[in-house]
$ cat structure_14.tsv   # TSV, C-alpha atoms (C1' of nucleotides)
chain	number	residue	atom	x	y	z
T	23	MET	CA	109.57	28.39	124.33
T	24	SER	CA	111.44	25.84	126.44
T	25	ALA	CA	111.41	28.08	129.51
T	26	ALA	CA	108.86	25.74	131.06
T	27	LYS	CA	111.11	22.76	130.42
T	28	ASP	CA	114.07	24.58	131.96
T	29	ARG	CA	112.06	25.32	135.07
T	30	VAL	CA	110.77	21.77	135.34
T	31	ARG	CA	114.30	20.47	134.99
T	32	LEU	CA	115.45	22.82	137.72
T	33	TRP	CA	112.65	21.61	139.95
T	34	LEU	CA	113.51	17.96	139.38
T	35	ARG	CA	117.16	18.60	140.21
T	36	LEU	CA	116.28	20.57	143.32
T	37	LEU	CA	114.04	17.76	144.45
T	38	LYS	CA	116.67	15.13	143.81
T	39	VAL	CA	119.42	16.99	145.65
T	40	VAL	CA	117.27	17.92	148.63
T	41	ARG	CA	115.79	14.43	148.94
T	42	GLY	CA	119.26	12.94	148.77
T	43	ILE	CA	120.62	15.12	151.54
T	44	GLU	CA	117.48	14.67	153.60
T	45	GLN	CA	117.73	10.91	153.28
T	46	GLU	CA	121.31	10.93	154.47
T	47	LEU	CA	120.37	13.10	157.43
T	48	ARG	CA	117.56	10.72	158.35
T	49	ASP	CA	119.92	7.77	158.20
T	50	LYS	CA	122.54	9.46	160.34
T	51	LEU	CA	120.00	10.69	162.89
T	52	ARG	CA	118.59	7.19	163.18
T	53	ARG	CA	121.89	5.38	163.35
T	54	GLU	CA	123.88	7.80	165.48
T	55	HIS	CA	121.24	9.46	167.66
T	56	ASN	CA	118.35	7.03	167.55
T	57	THR	CA	115.92	9.72	166.45
T	58	THR	CA	114.16	11.06	163.35
T	59	LEU	CA	113.96	14.29	161.38
T	60	PRO	CA	110.47	15.20	162.64
T	61	ARG	CA	111.60	14.70	166.23
T	62	PHE	CA	114.72	16.73	165.55
T	63	ASP	CA	112.60	19.50	164.04
T	64	VAL	CA	110.35	19.62	167.09
T	65	MET	CA	113.27	19.74	169.49
T	66	SER	CA	114.97	22.35	167.34
T	67	ALA	CA	111.91	24.60	167.46
T	68	LEU	CA	111.64	24.14	171.22
T	69	SER	CA	115.32	24.91	171.71
T	70	ARG	CA	114.76	28.27	170.07
T	71	HIS	CA	111.98	28.93	172.60
T	72	PRO	CA	113.30	27.89	176.00
T	73	GLU	CA	110.09	29.05	177.66
T	74	GLY	CA	108.20	26.51	175.56
T	75	LEU	CA	105.54	26.65	172.87
T	76	LYS	CA	101.85	25.86	172.84
T	77	MET	CA	100.98	22.86	170.71
T	78	SER	CA	99.25	25.08	168.17
T	79	GLN	CA	102.22	27.45	168.01
T	80	LEU	CA	104.48	24.50	167.41
T	81	SER	CA	102.39	23.11	164.58
T	82	GLY	CA	102.26	26.61	163.13
T	83	VAL	CA	106.02	27.09	163.24
T	84	LEU	CA	106.71	23.67	161.76
T	85	ARG	CA	103.85	23.96	159.29
T	86	VAL	CA	102.42	20.60	160.10
T	87	SER	CA	98.99	19.59	161.35
T	88	ASN	CA	97.92	19.69	164.99
T	89	GLY	CA	97.32	15.97	165.20
T	90	ASN	CA	100.81	15.34	163.92
T	91	VAL	CA	102.49	17.25	166.73
T	92	THR	CA	100.44	15.43	169.34
T	93	GLY	CA	101.97	12.09	168.41
T	94	ILE	CA	105.55	13.30	168.19
T	95	ALA	CA	105.19	15.11	171.54
T	96	ASP	CA	103.76	11.93	173.08
T	97	ARG	CA	106.76	9.90	172.06
T	98	LEU	CA	109.33	12.53	173.01
T	99	SER	CA	107.69	12.96	176.38
T	100	GLU	CA	107.68	9.22	177.04
T	101	GLU	CA	111.44	9.42	176.65
T	102	GLY	CA	111.66	12.36	179.02
T	103	LEU	CA	113.07	14.72	176.41
T	104	VAL	CA	110.10	17.05	176.51
T	105	GLU	CA	107.36	17.93	178.98
T	106	ARG	CA	103.81	19.28	178.83
T	107	MET	CA	103.09	22.20	181.15
T	108	ALA	CA	99.65	23.51	182.02
T	109	VAL	CA	99.02	27.11	181.00
T	110	PRO	CA	97.77	29.12	183.96
T	111	GLY	CA	94.52	30.82	183.01
T	112	ASP	CA	93.68	28.64	180.01
T	113	ARG	CA	92.85	25.04	180.69
T	114	ARG	CA	92.56	24.26	177.00
T	115	ALA	CA	96.18	24.87	176.21
T	116	THR	CA	99.41	23.11	177.13
T	117	VAL	CA	102.93	24.33	176.63
T	118	LEU	CA	105.57	21.96	175.43
T	119	ARG	CA	109.18	22.50	176.36
T	120	LEU	CA	112.49	20.70	176.49
T	121	THR	CA	113.50	19.03	179.72
T	122	LYS	CA	117.08	19.33	180.94
T	123	ALA	CA	117.75	15.96	179.39
T	124	GLY	CA	116.13	17.16	176.17
T	125	GLN	CA	118.33	20.24	176.07
T	126	ALA	CA	121.47	18.20	176.50
T	127	GLU	CA	120.39	15.64	173.93
T	128	PHE	CA	119.47	18.30	171.40
T	129	ALA	CA	122.74	20.16	171.84
T	130	ALA	CA	124.61	17.04	170.77
T	131	GLN	CA	122.27	16.38	167.87
T	132	ALA	CA	122.44	19.97	166.63
T	133	GLN	CA	126.22	19.98	166.60
T	134	ALA	CA	126.29	16.72	164.67
T	135	HIS	CA	123.66	18.04	162.29
T	136	GLU	CA	125.71	21.11	161.51
T	137	ASP	CA	128.82	19.04	160.95
T	138	TRP	CA	127.01	16.67	158.59
T	139	ILE	CA	125.61	19.52	156.51
T	140	ASP	CA	128.97	21.20	156.33
T	141	ASP	CA	130.53	17.96	155.20
T	142	MET	CA	127.88	17.15	152.62
T	143	LEU	CA	128.05	20.67	151.17
T	144	LYS	CA	131.85	20.82	151.19
T	145	GLY	CA	131.67	21.16	147.42
T	146	VAL	CA	129.96	24.53	147.76
T	147	SER	CA	132.15	27.50	148.56
T	148	SER	CA	131.16	29.97	151.22
T	149	GLU	CA	130.53	32.61	148.54
T	150	ASP	CA	128.44	30.32	146.40
T	151	ALA	CA	126.45	29.27	149.44
T	152	ARG	CA	125.69	32.88	150.28
T	153	ALA	CA	124.77	33.71	146.68
T	154	MET	CA	122.44	30.76	146.30
T	155	ALA	CA	120.84	31.32	149.69
T	156	GLU	CA	120.14	34.90	148.73
T	157	ARG	CA	118.55	33.87	145.47
T	158	LEU	CA	116.39	31.31	147.18
T	159	GLN	CA	115.43	33.86	149.77
T	160	ALA	CA	114.32	36.32	147.10
T	161	PHE	CA	112.37	33.60	145.39
T	162	ALA	CA	110.70	32.48	148.62
T	163	ALA	CA	109.79	36.06	149.48
T	164	ALA	CA	108.19	36.55	146.08
T	165	ALA	CA	106.21	33.33	146.45
T	166	GLU	CA	105.14	34.36	149.94
T	167	ALA	CA	103.84	37.70	148.68
T	168	LYS	CA	101.97	35.91	145.93
T	169	GLU	CA	100.38	33.61	148.49
T	170	ASP	CA	99.28	36.58	150.55
T	171	ARG	CA	97.66	38.29	147.61
T	172	LYS	CA	95.79	35.10	146.86
T	173	LYS	CA	94.44	34.91	150.40
T	174	GLU	CA	93.30	38.51	150.37
T	175	TYR	CA	91.55	37.90	147.11
T	176	ALA	CA	89.85	34.84	148.56
T	177	HIS	CA	88.70	36.85	151.57
T	178	ALA	CA	87.31	39.56	149.38
T	179	GLN	CA	85.07	37.06	147.61
Z	21	MET	CA	135.36	30.55	159.62
Z	22	SER	CA	131.61	30.95	159.08
Z	23	ALA	CA	131.68	28.75	155.98
Z	24	ALA	CA	129.84	26.09	157.93
Z	25	LYS	CA	127.15	28.58	158.91
Z	26	ASP	CA	126.80	29.70	155.30
Z	27	ARG	CA	126.31	26.15	154.17
Z	28	VAL	CA	123.82	25.37	156.89
Z	29	ARG	CA	121.87	28.47	155.98
Z	30	LEU	CA	121.86	27.42	152.35
Z	31	TRP	CA	120.59	24.01	153.34
Z	32	LEU	CA	117.80	25.43	155.46
Z	33	ARG	CA	116.67	27.68	152.62
Z	34	LEU	CA	116.80	24.85	150.12
Z	35	LEU	CA	114.74	22.73	152.42
Z	36	LYS	CA	112.18	25.46	152.98
Z	37	VAL	CA	111.75	26.25	149.29
Z	38	VAL	CA	111.55	22.63	148.20
Z	39	ARG	CA	109.14	21.68	150.97
Z	40	GLY	CA	106.96	24.64	150.12
Z	41	ILE	CA	106.72	23.76	146.46
Z	42	GLU	CA	106.25	20.10	147.25
Z	43	GLN	CA	103.43	20.91	149.64
Z	44	GLU	CA	101.66	22.97	147.03
Z	45	LEU	CA	102.03	20.19	144.49
Z	46	ARG	CA	100.57	17.70	146.96
Z	47	ASP	CA	97.60	19.97	147.61
Z	48	LYS	CA	96.91	20.52	143.93
Z	49	LEU	CA	97.26	16.85	143.08
Z	50	ARG	CA	94.84	15.97	145.84
Z	51	ARG	CA	92.28	18.65	145.08
Z	52	GLU	CA	92.39	18.63	141.31
Z	53	HIS	CA	93.30	15.06	140.46
Z	54	ASN	CA	92.38	13.14	143.57
Z	55	THR	CA	95.82	11.59	143.84
Z	56	THR	CA	99.10	11.94	145.72
Z	57	LEU	CA	102.76	12.61	144.94
Z	58	PRO	CA	103.84	9.00	145.53
Z	59	ARG	CA	101.12	7.75	143.20
Z	60	PHE	CA	102.12	10.37	140.64
Z	61	ASP	CA	105.75	9.30	140.92
Z	62	VAL	CA	104.87	5.66	140.32
Z	63	MET	CA	102.73	6.47	137.32
Z	64	SER	CA	105.41	8.79	136.00
Z	65	ALA	CA	108.04	6.05	136.17
Z	66	LEU	CA	105.70	3.61	134.46
Z	67	SER	CA	104.88	6.10	131.73
Z	68	ARG	CA	108.57	6.24	130.87
Z	69	HIS	CA	108.54	2.46	130.54
Z	70	PRO	CA	105.45	1.53	128.53
Z	71	GLU	CA	106.42	-2.13	128.60
Z	72	GLY	CA	106.21	-2.03	132.38
Z	73	LEU	CA	108.63	-2.49	135.26
Z	74	LYS	CA	109.15	-5.25	137.76
Z	75	MET	CA	108.26	-4.27	141.31
Z	76	SER	CA	111.92	-4.35	142.30
Z	77	GLN	CA	112.95	-2.21	139.33
Z	78	LEU	CA	110.29	0.30	140.28
Z	79	SER	CA	111.41	0.54	143.88
Z	80	GLY	CA	114.96	0.90	142.60
Z	81	VAL	CA	114.12	3.72	140.22
Z	82	LEU	CA	112.06	5.57	142.82
Z	83	ARG	CA	114.55	4.81	145.58
Z	84	VAL	CA	111.92	3.59	147.99
Z	85	SER	CA	111.52	0.28	149.74
Z	86	ASN	CA	109.93	-2.78	148.19
Z	87	GLY	CA	107.14	-2.90	150.72
Z	88	ASN	CA	106.25	0.66	149.93
Z	89	VAL	CA	105.68	0.02	146.23
Z	90	THR	CA	103.47	-2.98	147.02
Z	91	GLY	CA	100.91	-0.79	148.79
Z	92	ILE	CA	100.87	1.98	146.20
Z	93	ALA	CA	100.55	-0.56	143.40
Z	94	ASP	CA	97.68	-2.24	145.24
Z	95	ARG	CA	95.71	0.98	145.44
Z	96	LEU	CA	96.44	2.08	141.89
Z	97	SER	CA	95.44	-1.30	140.58
Z	98	GLU	CA	92.19	-1.27	142.55
Z	99	GLU	CA	91.37	1.88	140.62
Z	100	GLY	CA	92.27	0.25	137.33
Z	101	LEU	CA	95.11	2.69	136.57
Z	102	VAL	CA	97.78	0.03	136.70
Z	103	GLU	CA	97.95	-3.74	136.21
Z	104	ARG	CA	100.18	-6.57	137.38
Z	105	MET	CA	101.36	-8.93	134.65
Z	106	ALA	CA	102.96	-12.31	135.21
Z	107	VAL	CA	106.52	-12.64	133.95
Z	108	PRO	CA	106.87	-15.72	131.75
Z	109	GLY	CA	109.69	-17.84	133.04
Z	110	ASP	CA	109.87	-16.37	136.55
Z	111	ARG	CA	106.91	-16.96	138.76
Z	112	ARG	CA	108.34	-14.84	141.55
Z	113	ALA	CA	108.25	-11.62	139.58
Z	114	THR	CA	105.41	-9.43	138.37
Z	115	VAL	CA	105.57	-6.54	135.97
Z	116	LEU	CA	103.56	-3.44	136.70
Z	117	ARG	CA	102.36	-1.26	133.86
Z	118	LEU	CA	99.86	1.48	133.13
Z	119	THR	CA	96.49	0.48	131.78
Z	120	LYS	CA	94.93	2.51	128.97
Z	121	ALA	CA	92.96	4.39	131.59
Z	122	GLY	CA	96.17	4.94	133.55
Z	123	GLN	CA	97.94	6.36	130.51
Z	124	ALA	CA	95.14	8.80	129.84
Z	125	GLU	CA	94.90	9.83	133.47
Z	126	PHE	CA	98.64	10.33	133.77
Z	127	ALA	CA	98.84	12.42	130.60
Z	128	ALA	CA	96.41	14.90	132.14
Z	129	GLN	CA	98.24	14.90	135.48
Z	130	ALA	CA	101.63	15.37	133.86
Z	131	GLN	CA	100.48	18.36	131.84
Z	132	ALA	CA	98.98	19.98	134.93
Z	133	HIS	CA	102.15	19.22	136.88
Z	134	GLU	CA	104.32	20.94	134.32
Z	135	ASP	CA	102.04	23.96	134.24
Z	136	TRP	CA	102.07	24.25	138.04
Z	137	ILE	CA	105.86	24.10	138.22
Z	138	ASP	CA	106.22	26.65	135.46
Z	139	ASP	CA	103.82	28.94	137.26
Z	140	MET	CA	105.44	28.53	140.68
Z	141	LEU	CA	108.90	29.16	139.24
Z	142	LYS	CA	107.80	32.08	137.07
Z	143	GLY	CA	110.18	34.24	139.10
Z	144	VAL	CA	113.17	32.29	137.75
Z	145	SER	CA	114.33	33.17	134.26
Z	146	SER	CA	115.12	30.47	131.75
Z	147	GLU	CA	118.83	31.32	131.98
Z	148	ASP	CA	118.88	31.28	135.76
Z	149	ALA	CA	117.04	27.98	135.75
Z	150	ARG	CA	119.62	26.45	133.45
Z	151	ALA	CA	122.50	27.86	135.47
Z	152	MET	CA	121.17	26.63	138.79
Z	153	ALA	CA	120.26	23.24	137.38
Z	154	GLU	CA	123.80	22.87	136.09
Z	155	ARG	CA	125.29	23.76	139.44
Z	156	LEU	CA	123.04	21.32	141.22
Z	157	GLN	CA	123.93	18.68	138.70
Z	158	ALA	CA	127.64	19.22	139.30
Z	159	PHE	CA	127.07	19.07	143.01
Z	160	ALA	CA	125.00	15.89	142.78
Z	161	ALA	CA	127.63	14.26	140.58
Z	162	ALA	CA	130.36	15.09	143.09
Z	163	ALA	CA	128.27	13.69	145.94
Z	164	GLU	CA	127.57	10.56	143.91
Z	165	ALA	CA	131.28	9.99	143.28
Z	166	LYS	CA	131.97	10.46	146.97
Z	167	GLU	CA	129.31	7.86	147.80
Z	168	ASP	CA	130.88	5.40	145.41
Z	169	ARG	CA	134.32	5.83	146.92
Z	170	LYS	CA	132.82	5.23	150.33
Z	171	LYS	CA	131.22	1.98	149.19
Z	172	GLU	CA	134.41	0.71	147.65
Z	173	TYR	CA	136.24	1.47	150.83
Z	174	ALA	CA	133.60	-0.40	152.83
Z	175	HIS	CA	133.96	-3.40	150.54
Z	176	ALA	CA	137.69	-3.38	150.93
Z	177	GLN	CA	137.39	-3.73	154.69
N	30	DG	C1'	119.44	-33.87	140.73
N	31	DC	C1'	119.83	-31.80	145.34
N	32	DC	C1'	119.90	-28.27	148.49
N	33	DA	C1'	121.83	-23.86	150.21
N	34	DA	C1'	121.97	-19.25	148.98
N	35	DT	C1'	119.87	-15.75	146.51
N	36	DT	C1'	116.13	-13.30	144.50
N	37	DA	C1'	111.21	-11.31	144.15
N	38	DC	C1'	107.66	-9.98	146.43
N	39	DT	C1'	104.36	-9.41	150.41
N	40	DT	C1'	103.31	-8.83	155.24
N	41	DT	C1'	103.89	-6.77	159.71
N	42	DA	C1'	105.05	-3.33	163.12
N	43	DT	C1'	106.10	1.34	163.84
N	44	DG	C1'	106.27	6.26	162.91
N	45	DC	C1'	105.02	10.42	160.30
N	46	DA	C1'	101.53	13.14	157.75
N	47	DT	C1'	96.99	14.70	156.62
N	48	DG	C1'	91.92	16.17	157.21
N	49	DA	C1'	87.93	15.64	159.75
N	50	DA	C1'	85.39	14.68	163.82
N	51	DA	C1'	85.18	14.74	168.83
N	52	DT	C1'	85.99	16.85	173.46
N	53	DG	C1'	86.42	20.25	176.48
N	54	DT	C1'	87.25	25.34	177.39
N	55	DT	C1'	86.84	30.20	176.71
N	56	DC	C1'	84.79	34.17	174.65
N	57	DT	C1'	80.96	36.86	172.71
N	58	DT	C1'	76.79	38.69	172.26
N	59	DG	C1'	72.01	39.38	172.57
O	6	DC	C1'	73.57	35.11	182.01
O	7	DA	C1'	72.64	31.77	178.55
O	8	DA	C1'	73.26	30.13	174.09
O	9	DG	C1'	76.47	29.51	170.60
O	10	DA	C1'	80.73	30.80	168.13
O	11	DA	C1'	85.57	30.27	168.40
O	12	DC	C1'	89.55	28.01	170.08
O	13	DA	C1'	93.11	24.24	171.80
O	14	DT	C1'	93.95	19.86	171.70
O	15	DT	C1'	93.27	14.97	170.90
O	16	DT	C1'	91.38	11.04	168.38
O	17	DC	C1'	90.35	8.59	164.20
O	18	DA	C1'	90.81	6.84	159.49
O	19	DT	C1'	93.78	6.65	155.70
O	20	DG	C1'	98.07	6.68	153.17
O	21	DC	C1'	103.11	6.78	152.77
O	22	DA	C1'	107.74	5.27	154.45
O	23	DT	C1'	110.92	2.21	156.64
O	24	DA	C1'	113.13	-2.20	158.38
O	25	DA	C1'	112.56	-6.81	159.36
O	26	DA	C1'	110.40	-11.13	158.86
O	27	DG	C1'	107.89	-14.32	156.01
O	28	DT	C1'	106.71	-16.96	151.57
O	29	DA	C1'	107.76	-18.73	147.41
O	30	DA	C1'	110.58	-19.49	143.30
O	31	DT	C1'	115.07	-19.66	141.08
O	32	DT	C1'	119.97	-20.48	140.69
O	33	DG	C1'	124.52	-22.44	141.28
O	34	DG	C1'	127.84	-25.59	143.00
O	35	DC	C1'	128.61	-30.06	143.93

$ encode --input "structure_14.tsv" --output "structure tokens"
Amino acid sequence: MSAAKDRVRLWLRLLKVVRGIEQELRDKLRREHNTTLPRFDVMSALSRHPEGLKMSQLSGVLRVSNGNVTGIADRLSEEGLVERMAVPGDRRATVLRLTKAGQAEFAAQAQAHEDWIDDMLKGVSSEDARAMAERLQAFAAAAEAKEDRKKEYAHAQ
Amino acid sequence: MSAAKDRVRLWLRLLKVVRGIEQELRDKLRREHNTTLPRFDVMSALSRHPEGLKMSQLSGVLRVSNGNVTGIADRLSEEGLVERMAVPGDRRATVLRLTKAGQAEFAAQAQAHEDWIDDMLKGVSSEDARAMAERLQAFAAAAEAKEDRKKEYAHAQ
DNA sequence: GCCAATTACTTTATGCATGAAATGTTCTTG
DNA sequence: CAAGAACATTTCATGCATAAAGTAATTGGC
């Protein structure tokens, strides 16, 4: 009967914990690296693709809107951390990639980021972390599959 | 040795799951109730305090800035969901509270919200939900205590 | 009772986020 | 090959979020 309440309570706790950690990360990024989480996310995605990503690929990976990425890329590129490259054979597209300076800057930020997380989650043992991550993974996979079924159904209409 | 990696992985999964659910809630709120999560949060806080809250109390409860609440309150009050009341004896302060219309509107939103959460977390049993919530609670409490010690230390400087 | 510090709130400037419209390019198809 | 559909990106309008500055009222120490 109170299963719904249990789930809502879980959701509220999840939200509180994640928002708390996220807020601390934002503060540290701003104070210690003069940047923001969205900028960090963009640079992180680019660092995993040294050859660069098209704007649309980037917004797809980060699951944000196209217009959003435009602005963040503009600001990062003004600071020389990122550059827009023409795509030979398609004048519509541009590829965004880290500059040398961007790579160096991100390396420092990423190391700090990992250290902060490790410190904030010190209260969680390695085993617990693995167990919870696995559970969340299973849950996310189930939700994903559900989403897909929904889309197929919509298409069939 | 890889404890740090385990914790970072846990964090990334947490972030992904929470952002995913949050995004779906935002979409549903927008499509089905023509509102947003921040507006919902404000109305939710006010519904727990029928006598109303001062602007500063509200921003404290929601952990957002003062300036932020001003704008949300402006828009909600334009729609007649919320009203600003003068505080007798302190002309600086105003109390914000739900109007009758706001109460009715929020009741509908809150019920839908609970149903959505329950549906999205259907894959989590009641027992698992309680167990995870408890763990998160313990973790949050530990982090809170750590924060407090930090502040005391800062004061002592 | 005065005035300096504090408190309550709003305003401003900046950045992030969205959806929708606009611009220009490429592809498709009759 | 000439529409026109599809695609890649930017621009625009709106809202949320912050920090910092501004306005006004209250409080506390003298």

$ closest_atom_pairs --input "structure_14.tsv" --of "chain T" --to "chain Z" --cutoff "8 Å" --atoms "all atoms listed in the file" --output "tab-separated table"
residue	atom	partner	partner_atom	distance
T:Ser24	CA	Z:Ser146	CA	7.9
T:Ala25	CA	Z:Ser146	CA	4.9
T:Ala26	CA	Z:Asp138	CA	5.2
T:Asp28	CA	Z:Ala149	CA	5.9
T:Arg29	CA	Z:Ala149	CA	5.7
T:Val30	CA	Z:Ile137	CA	6.2
T:Arg31	CA	Z:Ala153	CA	7.0
T:Leu32	CA	Z:Ala153	CA	4.8
T:Trp33	CA	Z:Ile137	CA	7.4
T:Arg35	CA	Z:Ala153	CA	6.3
T:Leu36	CA	Z:Val38	CA	7.1
T:Leu37	CA	Z:Val38	CA	6.6
T:Val39	CA	Z:Ala160	CA	6.4
T:Val40	CA	Z:Leu35	CA	6.6
T:Glu136	CA	Z:Val28	CA	6.6
T:Asp137	CA	Z:Ala24	CA	7.7
T:Ile139	CA	Z:Val28	CA	6.1
T:Asp140	CA	Z:Ala24	CA	5.2
T:Met142	CA	Z:Ala163	CA	7.5
T:Leu143	CA	Z:Arg27	CA	6.5
T:Gly145	CA	Z:Phe159	CA	6.7
T:Val146	CA	Z:Arg27	CA	7.6
T:Ser147	CA	Z:Ala23	CA	7.5
T:Ser148	CA	Z:Ala23	CA	4.9
T:Ala151	CA	Z:Arg27	CA	5.7
T:Arg152	CA	Z:Asp26	CA	6.0
T:Met154	CA	Z:Leu30	CA	6.9
T:Ala155	CA	Z:Leu30	CA	4.8
T:Leu158	CA	Z:Arg33	CA	6.5
T:Gln159	CA	Z:Arg33	CA	6.9
T:Phe161	CA	Z:Gly143	CA	6.7
T:Ala162	CA	Z:Val37	CA	6.4
T:Ala164	CA	Z:Gly143	CA	7.6
T:Ala165	CA	Z:Met140	CA	7.5

$ residues_around --input "structure_14.tsv" --residues "segment 11-15 of chain O" --least-positions-apart "3" --cutoff "9 Å" --atoms "all atoms listed in the file" --output "ChimeraX atom specification"
/T:76-78,88-89,92,113-116 /N:51-56

$ write_last_selection --input "structure_14.tsv" --atoms "C-alpha atoms (C1' of nucleotides)" --output "PDB file, in the coordinates of the input"
ATOM      1  CA  LYS T  76     101.850  25.860 172.840  1.00  0.00           C
ATOM      2  CA  MET T  77     100.980  22.860 170.710  1.00  0.00           C
ATOM      3  CA  SER T  78      99.250  25.080 168.170  1.00  0.00           C
ATOM      4  CA  ASN T  88      97.920  19.690 164.990  1.00  0.00           C
ATOM      5  CA  GLY T  89      97.320  15.970 165.200  1.00  0.00           C
ATOM      6  CA  THR T  92     100.440  15.430 169.340  1.00  0.00           C
ATOM      7  CA  ARG T 113      92.850  25.040 180.690  1.00  0.00           C
ATOM      8  CA  ARG T 114      92.560  24.260 177.000  1.00  0.00           C
ATOM      9  CA  ALA T 115      96.180  24.870 176.210  1.00  0.00           C
ATOM     10  CA  THR T 116      99.410  23.110 177.130  1.00  0.00           C
TER      11      THR T 116
ATOM     12  C1'  DA N  51      85.180  14.740 168.830  1.00  0.00           C
ATOM     13  C1'  DT N  52      85.990  16.850 173.460  1.00  0.00           C
ATOM     14  C1'  DG N  53      86.420  20.250 176.480  1.00  0.00           C
ATOM     15  C1'  DT N  54      87.250  25.340 177.390  1.00  0.00           C
ATOM     16  C1'  DT N  55      86.840  30.200 176.710  1.00  0.00           C
ATOM     17  C1'  DC N  56      84.790  34.170 174.650  1.00  0.00           C
TER      18       DC N  56
END

$ closest_residue --input "structure_14.tsv" --among "Z:Ala121, Z:Val107, Z:Arg68, Z:Val62" --to "Ala93 of chain Z" --atoms "all atoms listed in the file"
Z:Val62

$ atom_distance --input "structure_14.tsv" --atom1 "atom CA of Gly91 of chain Z" --atom2 "atom CA of Ala124 of chain Z"
22.0 Å

$ closest_residue --input "structure_14.tsv" --among "Z:Phe126, Z:Asp110, Z:Val115, Z:Asn88" --to "DT39 of chain N" --atoms "all atoms listed in the file"
Z:Asn88

$ residues_around --input "structure_14.tsv" --residues "Glu127 of chain T" --least-positions-apart "4" --cutoff "10 Å" --atoms "only C-alpha atoms (C1' of nucleotides)" --output "PyMOL selection string"
chain T and resi 55+65+103+120-123+131-132

$ closest_residue --input "structure_14.tsv" --among "T:Val86, T:Val91, T:Leu68, T:Ala163" --to "chain O" --atoms "all atoms listed in the file"
T:Val91

$ closest_residue --input "structure_14.tsv" --among "N:DC38, N:DC45, N:DA50, N:DA33" --to "chain Z" --atoms "only C-alpha atoms (C1' of nucleotides)"
N:DC38

$ closest_atom_pairs --input "structure_14.tsv" --of "chain N" --to "chain Z" --cutoff "12 Å" --atoms "all atoms listed in the file" --output "JSON lines"
{"residue": "N:DT36", "atom": "C1'", "partner": "Z:Arg112", "partner_atom": "CA", "distance": 8.5}
{"residue": "N:DA37", "atom": "C1'", "partner": "Z:Arg112", "partner_atom": "CA", "distance": 5.2}
{"residue": "N:DC38", "atom": "C1'", "partner": "Z:Arg112", "partner_atom": "CA", "distance": 6.9}
{"residue": "N:DT39", "atom": "C1'", "partner": "Z:Gly87", "partner_atom": "CA", "distance": 7.1}
{"residue": "N:DT40", "atom": "C1'", "partner": "Z:Gly87", "partner_atom": "CA", "distance": 8.4}
{"residue": "N:DT41", "atom": "C1'", "partner": "Z:Gly87", "partner_atom": "CA", "distance": 10.3}
{"residue": "N:DA46", "atom": "C1'", "partner": "Z:Gln43", "partner_atom": "CA", "distance": 11.4}
{"residue": "N:DT47", "atom": "C1'", "partner": "Z:Asp47", "partner_atom": "CA", "distance": 10.5}
{"residue": "N:DG48", "atom": "C1'", "partner": "Z:Arg50", "partner_atom": "CA", "distance": 11.7}

$ build_atoms --input "structure_14.tsv" --residues "segment 68-79 of chain T" --atoms "N, CA and C atoms" --output "PDB file, keeping the file's coordinate frame"
ATOM      1  N   LEU T  68     111.753  23.904 169.773  1.00  0.00           N
ATOM      2  CA  LEU T  68     111.640  24.140 171.220  1.00  0.00           C
ATOM      3  C   LEU T  68     112.930  24.756 171.767  1.00  0.00           C
ATOM      4  N   SER T  69     114.052  24.372 171.199  1.00  0.00           N
ATOM      5  CA  SER T  69     115.320  24.910 171.710  1.00  0.00           C
ATOM      6  C   SER T  69     115.448  26.399 171.407  1.00  0.00           C
ATOM      7  N   ARG T  70     114.737  26.841 170.380  1.00  0.00           N
ATOM      8  CA  ARG T  70     114.760  28.270 170.070  1.00  0.00           C
ATOM      9  C   ARG T  70     113.751  29.037 170.936  1.00  0.00           C
ATOM     10  N   HIS T  71     112.960  28.298 171.705  1.00  0.00           N
ATOM     11  CA  HIS T  71     111.980  28.930 172.600  1.00  0.00           C
ATOM     12  C   HIS T  71     112.048  28.234 173.958  1.00  0.00           C
ATOM     13  N   PRO T  72     113.046  28.609 174.740  1.00  0.00           N
ATOM     14  CA  PRO T  72     113.300  27.890 176.000  1.00  0.00           C
ATOM     15  C   PRO T  72     112.096  27.924 176.947  1.00  0.00           C
ATOM     16  N   GLU T  73     111.263  28.958 176.798  1.00  0.00           N
ATOM     17  CA  GLU T  73     110.090  29.050 177.660  1.00  0.00           C
ATOM     18  C   GLU T  73     108.991  28.091 177.208  1.00  0.00           C
ATOM     19  N   GLY T  74     109.177  27.468 176.055  1.00  0.00           N
ATOM     20  CA  GLY T  74     108.200  26.510 175.560  1.00  0.00           C
ATOM     21  C   GLY T  74     107.249  27.095 174.553  1.00  0.00           C
ATOM     22  N   LEU T  75     106.504  26.231 173.877  1.00  0.00           N
ATOM     23  CA  LEU T  75     105.540  26.650 172.870  1.00  0.00           C
ATOM     24  C   LEU T  75     104.231  25.885 173.080  1.00  0.00           C
ATOM     25  N   LYS T  76     103.128  26.562 172.823  1.00  0.00           N
ATOM     26  CA  LYS T  76     101.850  25.860 172.840  1.00  0.00           C
ATOM     27  C   LYS T  76     101.819  24.903 171.645  1.00  0.00           C
ATOM     28  N   MET T  77     101.064  23.850 171.780  1.00  0.00           N
ATOM     29  CA  MET T  77     100.980  22.860 170.710  1.00  0.00           C
ATOM     30  C   MET T  77     100.635  23.522 169.376  1.00  0.00           C
ATOM     31  N   SER T  78      99.692  24.440 169.412  1.00  0.00           N
ATOM     32  CA  SER T  78      99.250  25.080 168.170  1.00  0.00           C
ATOM     33  C   SER T  78     100.343  25.999 167.611  1.00  0.00           C
ATOM     34  N   GLN T  79     101.109  26.632 168.490  1.00  0.00           N
ATOM     35  CA  GLN T  79     102.220  27.450 168.010  1.00  0.00           C
ATOM     36  C   GLN T  79     103.248  26.561 167.324  1.00  0.00           C
TER      37      GLN T  79
END
